[in-house]
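For reference, final35.txt is printed below; it contains compact mmCIF, C-alpha atoms.
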# COMPACT_ATOMS: atom_id res chain seq x y z
CA MET A 1 -124.97 31.38 47.66
CA LYS A 2 -122.68 28.86 45.97
CA HIS A 3 -124.07 26.00 43.90
CA ARG A 4 -123.51 22.82 45.94
CA ILE A 5 -122.32 19.78 44.01
CA VAL A 6 -122.23 16.59 46.06
CA VAL A 7 -120.56 13.42 44.75
CA LEU A 8 -121.47 10.11 46.36
CA GLY A 9 -118.61 7.65 46.11
CA ALA A 10 -114.93 8.09 45.25
CA GLY A 11 -114.26 5.07 43.11
CA TYR A 12 -112.95 5.25 39.54
CA ALA A 13 -115.91 7.29 38.29
CA GLY A 14 -116.72 9.42 41.33
CA ALA A 15 -113.18 10.60 42.08
CA TYR A 16 -112.49 11.40 38.43
CA VAL A 17 -115.70 13.38 37.93
CA ALA A 18 -115.27 15.29 41.19
CA GLY A 19 -111.75 16.39 40.30
CA ASN A 20 -112.80 17.49 36.84
CA LEU A 21 -115.75 19.51 38.12
CA ALA A 22 -113.55 21.22 40.72
CA ARG A 23 -111.05 22.22 38.05
CA ARG A 24 -113.54 23.32 35.39
CA LEU A 25 -115.98 25.30 37.55
CA SER A 26 -115.13 28.50 39.39
CA PRO A 27 -114.94 28.18 43.19
CA ALA A 28 -116.55 31.60 43.36
CA ASP A 29 -119.79 29.97 42.20
CA THR A 30 -119.57 26.31 43.21
CA GLU A 31 -118.43 24.02 45.97
CA VAL A 32 -117.76 20.31 45.46
CA THR A 33 -118.14 17.79 48.28
CA VAL A 34 -117.23 14.11 47.99
CA ILE A 35 -118.75 11.63 50.42
CA ASN A 36 -116.99 8.28 50.67
CA ALA A 37 -117.12 5.46 53.20
CA VAL A 38 -113.34 4.90 53.38
CA PRO A 39 -110.38 7.32 53.39
CA ASP A 40 -108.43 5.72 50.55
CA PHE A 41 -108.91 5.16 46.84
CA VAL A 42 -109.59 1.49 46.11
CA GLN A 43 -108.19 -0.05 42.94
CA ARG A 44 -111.08 -2.42 42.60
CA GLN A 45 -109.78 -3.93 39.37
CA ARG A 46 -106.77 -5.24 41.28
CA LEU A 47 -108.36 -6.58 44.44
CA ASN A 48 -107.94 -10.16 43.22
CA GLN A 49 -104.21 -9.47 43.09
CA LEU A 50 -104.27 -8.02 46.60
CA ALA A 51 -106.04 -11.14 47.85
CA ALA A 52 -103.45 -13.39 46.22
CA GLY A 53 -100.55 -11.62 47.90
CA ARG A 54 -99.50 -8.58 45.88
CA GLU A 55 -99.07 -5.14 47.40
CA ILE A 56 -101.53 -2.74 45.79
CA GLU A 57 -101.28 1.02 46.16
CA ALA A 58 -104.17 2.73 47.96
CA PRO A 59 -103.72 6.52 47.77
CA GLN A 60 -105.35 8.61 50.47
CA LEU A 61 -108.26 10.60 49.12
CA SER A 62 -107.10 13.60 51.11
CA ASP A 63 -103.92 13.51 49.01
CA VAL A 64 -105.81 12.85 45.78
CA PHE A 65 -107.98 15.94 46.30
CA ALA A 66 -105.27 18.17 47.79
CA GLY A 67 -105.23 21.55 46.11
CA THR A 68 -108.49 21.01 44.24
CA GLY A 69 -110.76 22.72 46.76
CA ILE A 70 -112.86 19.57 47.07
CA ARG A 71 -114.34 18.92 50.49
CA LEU A 72 -113.98 15.30 51.57
CA ARG A 73 -116.44 13.83 54.04
CA LEU A 74 -115.89 10.30 55.28
CA GLY A 75 -119.08 8.44 56.00
CA ARG A 76 -121.55 5.89 54.68
CA VAL A 77 -124.48 7.14 52.63
CA THR A 78 -127.64 5.70 54.18
CA ALA A 79 -130.35 7.63 52.33
CA VAL A 80 -131.01 10.04 49.49
CA ASP A 81 -134.04 12.34 49.50
CA PRO A 82 -134.24 13.89 46.02
CA GLU A 83 -137.39 15.82 46.89
CA ARG A 84 -135.71 17.68 49.77
CA GLN A 85 -132.32 17.52 48.00
CA VAL A 86 -130.46 16.06 50.96
CA VAL A 87 -128.27 13.02 51.57
CA THR A 88 -128.11 11.25 54.93
CA VAL A 89 -124.65 10.18 56.07
CA ALA A 90 -123.58 7.93 58.96
CA ASP A 91 -120.09 8.56 60.29
CA ALA A 92 -117.96 8.29 63.42
CA HIS A 93 -119.54 11.44 64.83
CA GLY A 94 -123.13 10.31 64.40
CA GLY A 95 -123.65 11.62 60.89
CA GLY A 96 -126.31 13.96 59.59
CA GLU A 97 -127.71 15.44 56.41
CA VAL A 98 -125.84 17.07 53.53
CA GLY A 99 -127.76 19.34 51.17
CA TYR A 100 -127.08 19.63 47.45
CA ASP A 101 -128.11 21.49 44.34
CA THR A 102 -126.59 18.95 41.94
CA LEU A 103 -125.98 15.35 42.97
CA LEU A 104 -123.66 12.87 41.28
CA TYR A 105 -124.47 9.31 42.34
CA ALA A 106 -121.43 7.02 41.99
CA LEU A 107 -121.82 4.49 44.81
CA GLY A 108 -120.80 1.58 42.59
CA SER A 109 -121.68 -2.02 43.40
CA HIS A 110 -121.07 -4.80 45.89
CA VAL A 111 -121.02 -8.57 45.74
CA ALA A 112 -124.42 -10.19 45.09
CA GLY A 113 -125.27 -13.42 46.87
CA HIS A 114 -128.43 -13.94 44.78
CA GLY A 115 -130.17 -15.41 47.79
CA VAL A 116 -127.85 -18.43 47.96
CA PRO A 117 -127.72 -19.65 51.57
CA GLY A 118 -124.36 -19.37 53.29
CA VAL A 119 -122.72 -16.83 50.98
CA ALA A 120 -122.68 -14.08 53.59
CA GLU A 121 -121.60 -16.41 56.39
CA HIS A 122 -119.02 -18.63 54.71
CA ALA A 123 -117.84 -17.15 51.40
CA PHE A 124 -115.03 -14.68 50.76
CA ASN A 125 -115.12 -12.05 48.01
CA VAL A 126 -112.92 -9.44 46.35
CA ALA A 127 -115.51 -6.66 45.99
CA ASP A 128 -113.79 -4.29 48.42
CA ARG A 129 -110.40 -3.90 50.06
CA PRO A 130 -111.27 -5.26 53.54
CA SER A 131 -112.83 -8.35 51.95
CA ALA A 132 -109.79 -8.95 49.77
CA LEU A 133 -107.50 -8.62 52.79
CA ARG A 134 -109.62 -11.09 54.76
CA LEU A 135 -109.26 -13.60 51.94
CA ARG A 136 -105.52 -12.96 51.80
CA GLN A 137 -105.15 -13.59 55.52
CA HIS A 138 -107.17 -16.78 55.24
CA LEU A 139 -105.06 -18.03 52.34
CA ASP A 140 -101.99 -17.40 54.49
CA THR A 141 -103.42 -19.71 57.13
CA LEU A 142 -103.78 -22.43 54.51
CA GLY A 143 -100.03 -22.66 54.14
CA GLY A 144 -98.60 -19.30 53.17
CA LEU A 145 -97.40 -18.55 49.68
CA GLY A 146 -96.26 -22.12 49.24
CA GLY A 147 -99.58 -23.65 50.20
CA THR A 148 -100.22 -27.15 51.54
CA GLY A 149 -102.62 -28.67 49.05
CA ARG A 150 -105.73 -27.10 50.58
CA ARG A 151 -108.58 -26.42 48.17
CA VAL A 152 -109.86 -23.03 47.04
CA LEU A 153 -113.16 -22.87 45.16
CA VAL A 154 -113.88 -19.77 43.08
CA VAL A 155 -117.57 -19.54 42.18
CA GLY A 156 -118.42 -17.51 39.07
CA ASP A 157 -117.62 -17.69 35.37
CA GLY A 158 -117.21 -13.97 34.67
CA LEU A 159 -114.12 -11.84 34.41
CA THR A 160 -113.67 -11.46 38.17
CA GLY A 161 -113.88 -15.20 38.73
CA ILE A 162 -111.41 -15.98 35.96
CA GLU A 163 -108.89 -13.40 37.13
CA THR A 164 -109.22 -14.41 40.79
CA ALA A 165 -108.78 -18.14 40.13
CA THR A 166 -105.76 -17.73 37.86
CA GLU A 167 -104.10 -15.13 40.11
CA ILE A 168 -104.41 -17.29 43.23
CA ALA A 169 -103.25 -20.40 41.37
CA GLU A 170 -100.09 -18.73 40.12
CA ALA A 171 -99.28 -16.83 43.31
CA ARG A 172 -99.91 -19.82 45.60
CA PRO A 173 -99.01 -22.95 43.61
CA GLY A 174 -99.36 -25.27 46.59
CA LEU A 175 -103.09 -24.62 46.80
CA SER A 176 -105.56 -26.59 44.72
CA VAL A 177 -107.75 -24.08 42.85
CA ALA A 178 -111.04 -24.88 41.12
CA LEU A 179 -113.30 -22.54 39.14
CA LEU A 180 -116.97 -23.43 39.42
CA ALA A 181 -118.81 -22.03 36.40
CA ARG A 182 -122.56 -22.02 35.92
CA ASP A 183 -121.97 -21.99 32.18
CA GLU A 184 -118.60 -21.91 30.44
CA PRO A 185 -115.88 -19.56 31.72
CA GLY A 186 -115.52 -16.67 29.32
CA ALA A 187 -118.55 -17.74 27.28
CA TRP A 188 -118.68 -14.23 25.78
CA LEU A 189 -115.17 -14.61 24.29
CA SER A 190 -114.34 -15.73 20.76
CA ALA A 191 -113.62 -19.41 20.17
CA GLY A 192 -109.89 -18.73 19.96
CA ALA A 193 -109.84 -16.75 23.18
CA ARG A 194 -111.83 -19.45 25.01
CA GLY A 195 -109.23 -21.97 23.88
CA HIS A 196 -106.47 -19.72 25.18
CA LEU A 197 -108.29 -19.46 28.51
CA ARG A 198 -108.61 -23.24 28.80
CA ARG A 199 -104.91 -23.70 28.09
CA ALA A 200 -104.01 -21.07 30.68
CA CYS A 201 -106.13 -22.82 33.31
CA ASP A 202 -104.48 -26.14 32.46
CA ARG A 203 -101.03 -24.59 32.72
CA LEU A 204 -101.79 -23.00 36.09
CA GLY A 205 -103.53 -26.07 37.44
CA VAL A 206 -106.98 -24.46 37.72
CA ALA A 207 -109.64 -27.18 37.57
CA VAL A 208 -112.65 -25.85 35.65
CA VAL A 209 -116.04 -27.32 36.56
CA GLU A 210 -118.69 -26.22 34.06
CA HIS A 211 -122.47 -26.20 34.62
CA ALA A 212 -121.97 -26.09 38.38
CA ASP A 213 -125.08 -24.48 39.87
CA VAL A 214 -124.16 -23.73 43.50
CA GLU A 215 -127.22 -23.90 45.75
CA ALA A 216 -125.54 -23.33 49.11
CA VAL A 217 -122.18 -22.45 50.63
CA GLU A 218 -121.14 -24.23 53.81
CA ALA A 219 -118.13 -23.86 56.04
CA GLU A 220 -116.10 -26.61 54.36
CA ARG A 221 -117.92 -27.33 51.12
CA VAL A 222 -120.50 -26.10 48.62
CA ARG A 223 -123.66 -27.88 47.58
CA CYS A 224 -124.52 -27.96 43.88
CA ALA A 225 -127.84 -28.59 42.16
CA ASP A 226 -126.62 -31.90 40.72
CA GLY A 227 -126.06 -33.26 44.23
CA THR A 228 -122.28 -32.92 44.28
CA THR A 229 -120.64 -31.36 47.33
CA PRO A 230 -117.07 -30.32 46.49
CA ALA A 231 -114.94 -29.69 49.56
CA SER A 232 -113.50 -26.24 50.12
CA ASP A 233 -111.05 -24.64 52.52
CA ALA A 234 -111.86 -21.23 51.05
CA THR A 235 -114.86 -20.42 48.86
CA VAL A 236 -114.55 -17.17 46.90
CA TRP A 237 -117.86 -15.81 45.61
CA THR A 238 -117.63 -13.83 42.34
CA ALA A 239 -121.03 -14.74 40.88
CA GLY A 240 -122.28 -11.24 40.18
CA PHE A 241 -122.61 -7.78 41.66
CA ALA A 242 -125.50 -5.66 42.90
CA VAL A 243 -125.99 -1.95 43.51
CA SER A 244 -126.96 -0.18 46.72
CA PRO A 245 -130.72 0.03 47.45
CA VAL A 246 -130.33 3.70 48.43
CA ALA A 247 -131.40 5.09 45.03
CA ALA A 248 -134.56 3.01 44.84
CA ALA A 249 -135.47 3.73 48.44
CA GLY A 250 -135.13 7.45 47.78
CA GLY A 251 -137.65 7.41 44.95
CA LEU A 252 -135.32 7.76 41.98
CA GLU A 253 -136.46 5.87 38.91
CA VAL A 254 -134.46 2.66 38.76
CA THR A 255 -134.44 -0.65 36.92
CA ASP A 256 -135.49 -3.91 38.56
CA SER A 257 -131.86 -4.33 39.62
CA GLY A 258 -131.80 -0.91 41.33
CA ARG A 259 -129.64 0.92 38.78
CA ILE A 260 -130.61 4.54 38.11
CA VAL A 261 -132.34 5.19 34.77
CA VAL A 262 -130.82 8.19 32.98
CA ASP A 263 -131.00 10.02 29.68
CA ARG A 264 -128.14 10.26 27.18
CA THR A 265 -126.33 12.79 29.39
CA MET A 266 -126.38 10.59 32.54
CA ARG A 267 -129.15 12.70 34.05
CA SER A 268 -131.86 10.95 36.06
CA VAL A 269 -135.10 10.74 34.09
CA SER A 270 -137.10 11.29 37.27
CA HIS A 271 -135.02 13.97 39.05
CA PRO A 272 -133.16 16.38 36.73
CA ASN A 273 -130.60 17.61 39.28
CA VAL A 274 -129.34 14.05 39.90
CA TYR A 275 -126.74 12.36 37.68
CA ALA A 276 -125.45 8.80 37.90
CA VAL A 277 -122.26 7.15 36.63
CA GLY A 278 -120.39 3.85 36.81
CA ASP A 279 -122.00 0.66 38.07
CA SER A 280 -124.88 2.64 39.60
CA VAL A 281 -126.27 3.75 36.24
CA HIS A 282 -128.38 1.99 33.64
CA THR A 283 -127.73 3.53 30.26
CA LEU A 284 -127.68 2.38 26.67
CA GLY A 285 -124.46 2.48 24.71
CA ASP A 286 -124.24 3.86 21.20
CA ASN A 287 -125.19 0.41 19.89
CA GLY A 288 -128.50 0.49 21.76
CA LEU A 289 -127.44 -2.14 24.29
CA PRO A 290 -126.96 -1.56 28.05
CA LEU A 291 -123.39 -0.73 29.00
CA PRO A 292 -121.77 -3.43 31.15
CA MET A 293 -120.72 -2.85 34.74
CA ASN A 294 -116.98 -2.34 34.31
CA CYS A 295 -114.22 0.24 34.48
CA GLY A 296 -114.62 1.21 30.84
CA SER A 297 -118.24 2.12 31.41
CA ALA A 298 -117.24 4.13 34.48
CA GLY A 299 -114.92 6.15 32.27
CA CYS A 300 -117.32 7.03 29.47
CA THR A 301 -120.35 7.65 31.72
CA GLY A 302 -118.16 9.83 33.93
CA ARG A 303 -116.91 11.88 30.99
CA GLN A 304 -120.46 12.38 29.74
CA ALA A 305 -121.67 13.49 33.17
CA ILE A 306 -118.85 16.05 33.36
CA GLN A 307 -119.86 17.52 30.01
CA ALA A 308 -123.52 17.63 31.01
CA ILE A 309 -123.06 19.18 34.45
CA VAL A 310 -120.57 21.80 33.28
CA GLY A 311 -122.60 22.57 30.18
CA ARG A 312 -125.90 23.04 31.97
CA LEU A 313 -124.51 25.05 34.84
CA THR A 314 -122.59 27.41 32.58
CA GLY A 315 -125.18 27.64 29.81
CA ARG A 316 -123.06 25.97 27.15
CA GLU A 317 -123.70 23.28 24.58
CA ILE A 318 -123.23 19.76 25.95
CA ALA A 319 -120.69 17.68 24.08
CA THR A 320 -121.60 14.08 23.33
CA VAL A 321 -119.17 11.46 24.60
CA LYS A 322 -119.02 8.08 22.88
CA LEU A 323 -120.65 5.35 24.96
CA VAL A 324 -118.98 2.22 23.65
CA HIS A 325 -117.65 -1.10 24.92
CA LEU A 326 -114.61 -1.71 22.73
CA TYR A 327 -112.80 -4.61 24.38
CA SER A 328 -112.42 -6.88 27.37
CA ALA A 329 -108.95 -7.15 28.91
CA ILE A 330 -108.37 -10.15 31.17
CA SER A 331 -105.30 -11.00 33.21
CA LEU A 332 -104.49 -14.70 33.63
CA GLY A 333 -102.01 -14.61 36.47
CA ARG A 334 -98.85 -12.55 36.20
CA ARG A 335 -97.54 -13.65 32.81
CA ASP A 336 -100.55 -14.13 30.57
CA GLY A 337 -103.69 -12.38 29.47
CA ILE A 338 -106.42 -12.00 26.85
CA LEU A 339 -107.45 -8.87 24.95
CA GLN A 340 -110.78 -9.50 23.26
CA LEU A 341 -112.05 -6.84 20.86
CA ILE A 342 -115.82 -6.22 20.80
CA ASP A 343 -117.84 -5.35 17.69
CA GLY A 344 -120.57 -2.75 17.30
CA GLN A 345 -123.23 -5.16 18.49
CA GLY A 346 -121.44 -6.05 21.70
CA GLN A 347 -120.19 -9.41 20.42
CA ALA A 348 -116.64 -10.72 20.47
CA LYS A 349 -114.72 -10.32 17.24
CA PRO A 350 -113.18 -13.57 15.91
CA SER A 351 -109.60 -12.50 16.59
CA TYR A 352 -107.99 -11.82 19.96
CA VAL A 353 -104.59 -11.00 21.46
CA GLY A 354 -103.14 -13.34 24.08
CA GLY A 355 -100.04 -13.75 26.22
CA ARG A 356 -97.75 -11.08 27.62
CA LYS A 357 -98.82 -8.47 25.06
CA ALA A 358 -102.40 -8.67 26.29
CA LEU A 359 -101.20 -8.58 29.88
CA ARG A 360 -99.25 -5.39 29.19
CA VAL A 361 -102.45 -3.80 27.87
CA LYS A 362 -104.28 -4.82 31.04
CA ALA A 363 -101.47 -3.47 33.21
CA GLY A 364 -101.57 -0.22 31.25
CA ILE A 365 -105.30 0.06 31.96
CA HIS A 366 -104.59 -0.37 35.67
CA ARG A 367 -101.88 2.30 35.62
CA GLY A 368 -103.99 4.69 33.60
CA ALA A 369 -107.01 4.30 35.86
CA LEU A 370 -104.93 4.91 38.96
CA TRP A 371 -103.09 7.87 37.46
CA GLY A 372 -106.23 9.47 36.08
CA THR A 373 -107.93 9.19 39.44
CA SER A 374 -104.92 10.30 41.48
CA TYR A 375 -104.42 13.38 39.27
CA PRO A 376 -107.97 14.17 38.11
CA THR A 377 -107.23 17.78 37.22
CA PHE A 378 -104.01 17.27 35.27
CA GLY A 379 -104.06 18.84 31.83
CA LEU A 380 -107.42 20.55 32.26
CA PRO A 381 -107.75 24.24 31.48
CA LYS A 382 -106.83 26.46 34.39
CA ARG A 383 -109.39 29.01 33.30
CA LYS A 384 -112.41 28.08 35.37
CA ARG A 385 -115.91 28.66 34.11
CA ARG A 386 -118.43 30.84 35.90
CA LEU A 387 -122.02 29.73 36.27
CA ALA A 388 -124.82 31.25 34.24
CA VAL A 389 -126.69 34.00 36.08
CA THR A 390 -129.79 31.81 36.16
CA THR A 391 -130.04 28.11 35.45
CA ASP A 392 -133.07 25.90 35.13
CA VAL A 393 -132.14 22.30 35.94
CA SER A 394 -135.48 21.03 34.63
CA ASP A 395 -134.69 22.12 31.06
CA VAL A 396 -133.74 18.96 29.18
CA SER A 397 -134.11 20.29 25.66
CA ALA A 398 -131.13 20.68 23.33
CA GLY A 399 -128.67 20.17 26.18
CA LYS A 400 -128.83 23.82 27.26
CA SER A 401 -129.62 25.59 30.50
CA ALA A 402 -132.25 28.29 30.32
CA LYS A 403 -130.59 31.59 31.07
CA SER A 404 -131.06 35.31 31.01
CA GLY A 405 -127.36 36.04 30.81
CA HIS A 406 -123.90 34.87 31.82
CA ALA A 407 -121.37 35.86 34.38
CA ALA A 408 -117.92 36.65 33.03
CA VAL A 409 -115.86 33.64 32.04
As a first step, turn the structure in this file into structure tokens.
Amino acid sequence: MKHRIVVLGAGYAGAYVAGNLARRLSPADTEVTVINAVPDFVQRQRLNQLAAGREIEAPQLSDVFAGTGIRLRLGRVTAVDPERQVVTVADAHGGGEVGYDTLLYALGSHVAGHGVPGVAEHAFNVADRPSALRLRQHLDTLGGLGGTGRRVLVVGDGLTGIETATEIAEARPGLSVALLARDEPGAWLSAGARGHLRRACDRLGVAVVEHADVEAVEAERVRCADGTTPASDATVWTAGFAVSPVAAAGGLEVTDSGRIVVDRTMRSVSHPNVYAVGDSVHTLGDNGLPLPMNCGSAGCTGRQAIQAIVGRLTGREIATVKLVHLYSAISLGRRDGILQLIDGQGQAKPSYVGGRKALRVKAGIHRGALWGTSYPTFGLPKRKRRLAVTTDVSDVSAGKSAKSGHAAV
């Protein structure tokens, strides 16, 4: 019987890991199934651009996985039972259960309302493609690409909020755009980079409101803790992200935020045949600090999971992948950007790169992420590895699978 590997989610991390496993492991011994809620690959990093009016490529997953042997199942994961080793899926045909021997959990994250009244009913977001398209359609109703002076409020002082506010302001100059920040936008940046950000907002006409604690979102305004009620024709909520409750509900060990707790190889500390990557995982970087929820973390946690799964199943040593956060790349509209280098303690280095050079780096990251996901098996060895005759998934010592011998490689 073949070893069943099931991958939950086909975002940046899930699609990349699935393709690599399919190429590295022999189909005589393994089968790889990917379960995803939508049929296309979503460039989540660029959804703010989609909302503002750009056309963003969305490759079909059936094309992405063509020729890899990967089985694609479209459906929404509603439950994970790690004791029975099954996943429950809801789909157009009623759904059912999918069994696994090794599970890779890569369901990512969604927008977090943090209990603020009215977010779900009245706010837009750019956390998924349908949401970004709804915002785009609404912005069109406010006056098209030229705009008519209507007001857009972007709530959130993180990277997503900054990129969304500046992208909309540049793409739709007739709209009045304000960024409502609970602290200071880009507070984690160096002093020079924060100054560059302020100048970019001034140039694009983005009004920055600092220390704005939004307590409620209403149809045509937001209510702040200081009693102010700024009017809004479109409120975009970017104030944080949360993970699916599926892992916690299934009994996997998770943090208070619901992220799966893993060891250095991305393996669940409570269930050794479950791995987690991307936004779904809580893991410490090489500096001892938790990795942030971003595309860079999806890349390094995904690479480490590949090494661990292949190594354990084939009885080989597990290579250690660097878990580091080296930089933050921020686009500020279509002509400007910031590249902020990060030191070994997770703090911004004093220097930064700004302008078109930084924007080219950000665009290169977008292209690389799309290419690497669309061609996940490119450049990998064509010689596929056979599984060890016996494997013991509960062996966590020295990164090896217990074995009595190996099949031919």
- Task: Please identify all polymer residues within 7 Å of range 62-74 of chain A, counting all atoms listed in the file, omitting same-chain residues fewer than 6 positions from it, and present them as a list in words.
- Result: Gly19, Ala22, Arg23, Val32, Thr33, Val34, Ile35, Asn36, Ala37, Val38, Pro39, Asp91, Ser374 and Tyr375 of chain A
- Message: Measuring between only C-alpha atoms, which one of A:Asn48, A:Val119, A:Ala90, A:Glu253 shows the shortest distance to Gly161 in chain A?
- Response: A:Asn48
- Which distance in Å separates CA of Arg76 in chain A and CA of Phe41 in chain A, to one decimal?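 Value for the CA of Arg76 in chain A-CA of Phe41 in chain A distance: 14.9 Å.
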Which residues are near Pro185 in chain A? Cut-off 10 Å, all atoms listed in the file, ignore same chain within fewer than 3 positions. Put them as an mmCIF file with C-alpha atoms, keeping the file's coordinate frame.
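Everything below was put into around_15.cif:
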data_model
loop_
_atom_site.group_PDB
_atom_site.id
_atom_site.type_symbol
_atom_site.label_atom_id
_atom_site.label_comp_id
_atom_site.auth_asym_id
_atom_site.auth_seq_id
_atom_site.Cartn_x
_atom_site.Cartn_y
_atom_site.Cartn_z
ATOM 1 C CA GLY A 156 -118.420 -17.510 39.070
ATOM 2 C CA ASP A 157 -117.620 -17.690 35.370
ATOM 3 C CA GLY A 158 -117.210 -13.970 34.670
ATOM 4 C CA LEU A 159 -114.120 -11.840 34.410
ATOM 5 C CA GLY A 161 -113.880 -15.200 38.730
ATOM 6 C CA ILE A 162 -111.410 -15.980 35.960
ATOM 7 C CA LEU A 179 -113.300 -22.540 39.140
ATOM 8 C CA LEU A 180 -116.970 -23.430 39.420
ATOM 9 C CA ALA A 181 -118.810 -22.030 36.400
ATOM 10 C CA ARG A 182 -122.560 -22.020 35.920
ATOM 11 C CA TRP A 188 -118.680 -14.230 25.780
ATOM 12 C CA LEU A 189 -115.170 -14.610 24.290
ATOM 13 C CA ARG A 194 -111.830 -19.450 25.010
ATOM 14 C CA LEU A 197 -108.290 -19.460 28.510
ATOM 15 C CA ARG A 198 -108.610 -23.240 28.800
ATOM 16 C CA VAL A 208 -112.650 -25.850 35.650
ATOM 17 C CA VAL A 209 -116.040 -27.320 36.560
ATOM 18 C CA GLU A 210 -118.690 -26.220 34.060
ATOM 19 C CA HIS A 211 -122.470 -26.200 34.620
#
Go ahead and find all residues with at least one atom no further than 10 Å from (-107.2, 0.3, 46.4) in the file's coordinates, using only C-alpha atoms; report them as an mmCIF file with C-alpha atoms, in the coordinates of the input.
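For reference, point-v7.cif as written:
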data_model
loop_
_atom_site.group_PDB
_atom_site.id
_atom_site.type_symbol
_atom_site.label_atom_id
_atom_site.label_comp_id
_atom_site.auth_asym_id
_atom_site.auth_seq_id
_atom_site.Cartn_x
_atom_site.Cartn_y
_atom_site.Cartn_z
ATOM 1 C CA GLY A 11 -114.260 5.070 43.110
ATOM 2 C CA ASP A 40 -108.430 5.720 50.550
ATOM 3 C CA PHE A 41 -108.910 5.160 46.840
ATOM 4 C CA VAL A 42 -109.590 1.490 46.110
ATOM 5 C CA GLN A 43 -108.190 -0.050 42.940
ATOM 6 C CA ARG A 44 -111.080 -2.420 42.600
ATOM 7 C CA GLN A 45 -109.780 -3.930 39.370
ATOM 8 C CA ARG A 46 -106.770 -5.240 41.280
ATOM 9 C CA LEU A 47 -108.360 -6.580 44.440
ATOM 10 C CA LEU A 50 -104.270 -8.020 46.600
ATOM 11 C CA GLU A 55 -99.070 -5.140 47.400
ATOM 12 C CA ILE A 56 -101.530 -2.740 45.790
ATOM 13 C CA GLU A 57 -101.280 1.020 46.160
ATOM 14 C CA ALA A 58 -104.170 2.730 47.960
ATOM 15 C CA PRO A 59 -103.720 6.520 47.770
ATOM 16 C CA GLN A 60 -105.350 8.610 50.470
ATOM 17 C CA ASP A 128 -113.790 -4.290 48.420
ATOM 18 C CA ARG A 129 -110.400 -3.900 50.060
ATOM 19 C CA PRO A 130 -111.270 -5.260 53.540
ATOM 20 C CA LEU A 370 -104.930 4.910 38.960
#
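Take CA of Ala216 in chain A and CA of Glu170 in chain A: the distance between them is 27.4 Å.
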- Item | Gap from CA of Tyr100 in chain A to CA of Arg4 in chain A - Å, one decimal |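 Pair CA of Tyr100 in chain A / CA of Arg4 in chain A returns 5.0 Å.
Ranking A:Arg303, A:Arg150, A:Arg134, A:Arg335 by their shortest atom-to-atom distance to Gly354 in chain A, with all atoms listed in the file included, puts A:Arg335 first.
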- Message: Given all atoms listed in the file as the basis, pick out the residue of A:Ala369, A:Leu332, A:Ala200, A:Leu25 nearest to Leu313 in chain A.
- Response: A:Leu25
- Task: Please provide as a PyMOL selection string all residues within 12 Å of Asp263 in chain A, with the sequence filter that same-chain residues fewer than 4 positions apart are discarded (counting only C-alpha atoms).
- Result: chain A and resi 253+267-272+274-277+281-285+301+304-305+308+396-397+399
Okay, now the selection with C-alpha atoms, as a compact mmCIF listing (two decimals), keeping the file's coordinate frame?
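What follows is the written file result_37.txt:
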# COMPACT_ATOMS: atom_id res chain seq x y z
CA GLU A 253 -136.46 5.87 38.91
CA ARG A 267 -129.15 12.70 34.05
CA SER A 268 -131.86 10.95 36.06
CA VAL A 269 -135.10 10.74 34.09
CA SER A 270 -137.10 11.29 37.27
CA HIS A 271 -135.02 13.97 39.05
CA PRO A 272 -133.16 16.38 36.73
CA VAL A 274 -129.34 14.05 39.90
CA TYR A 275 -126.74 12.36 37.68
CA ALA A 276 -125.45 8.80 37.90
CA VAL A 277 -122.26 7.15 36.63
CA VAL A 281 -126.27 3.75 36.24
CA HIS A 282 -128.38 1.99 33.64
CA THR A 283 -127.73 3.53 30.26
CA LEU A 284 -127.68 2.38 26.67
CA GLY A 285 -124.46 2.48 24.71
CA THR A 301 -120.35 7.65 31.72
CA GLN A 304 -120.46 12.38 29.74
CA ALA A 305 -121.67 13.49 33.17
CA ALA A 308 -123.52 17.63 31.01
CA VAL A 396 -133.74 18.96 29.18
CA SER A 397 -134.11 20.29 25.66
CA GLY A 399 -128.67 20.17 26.18
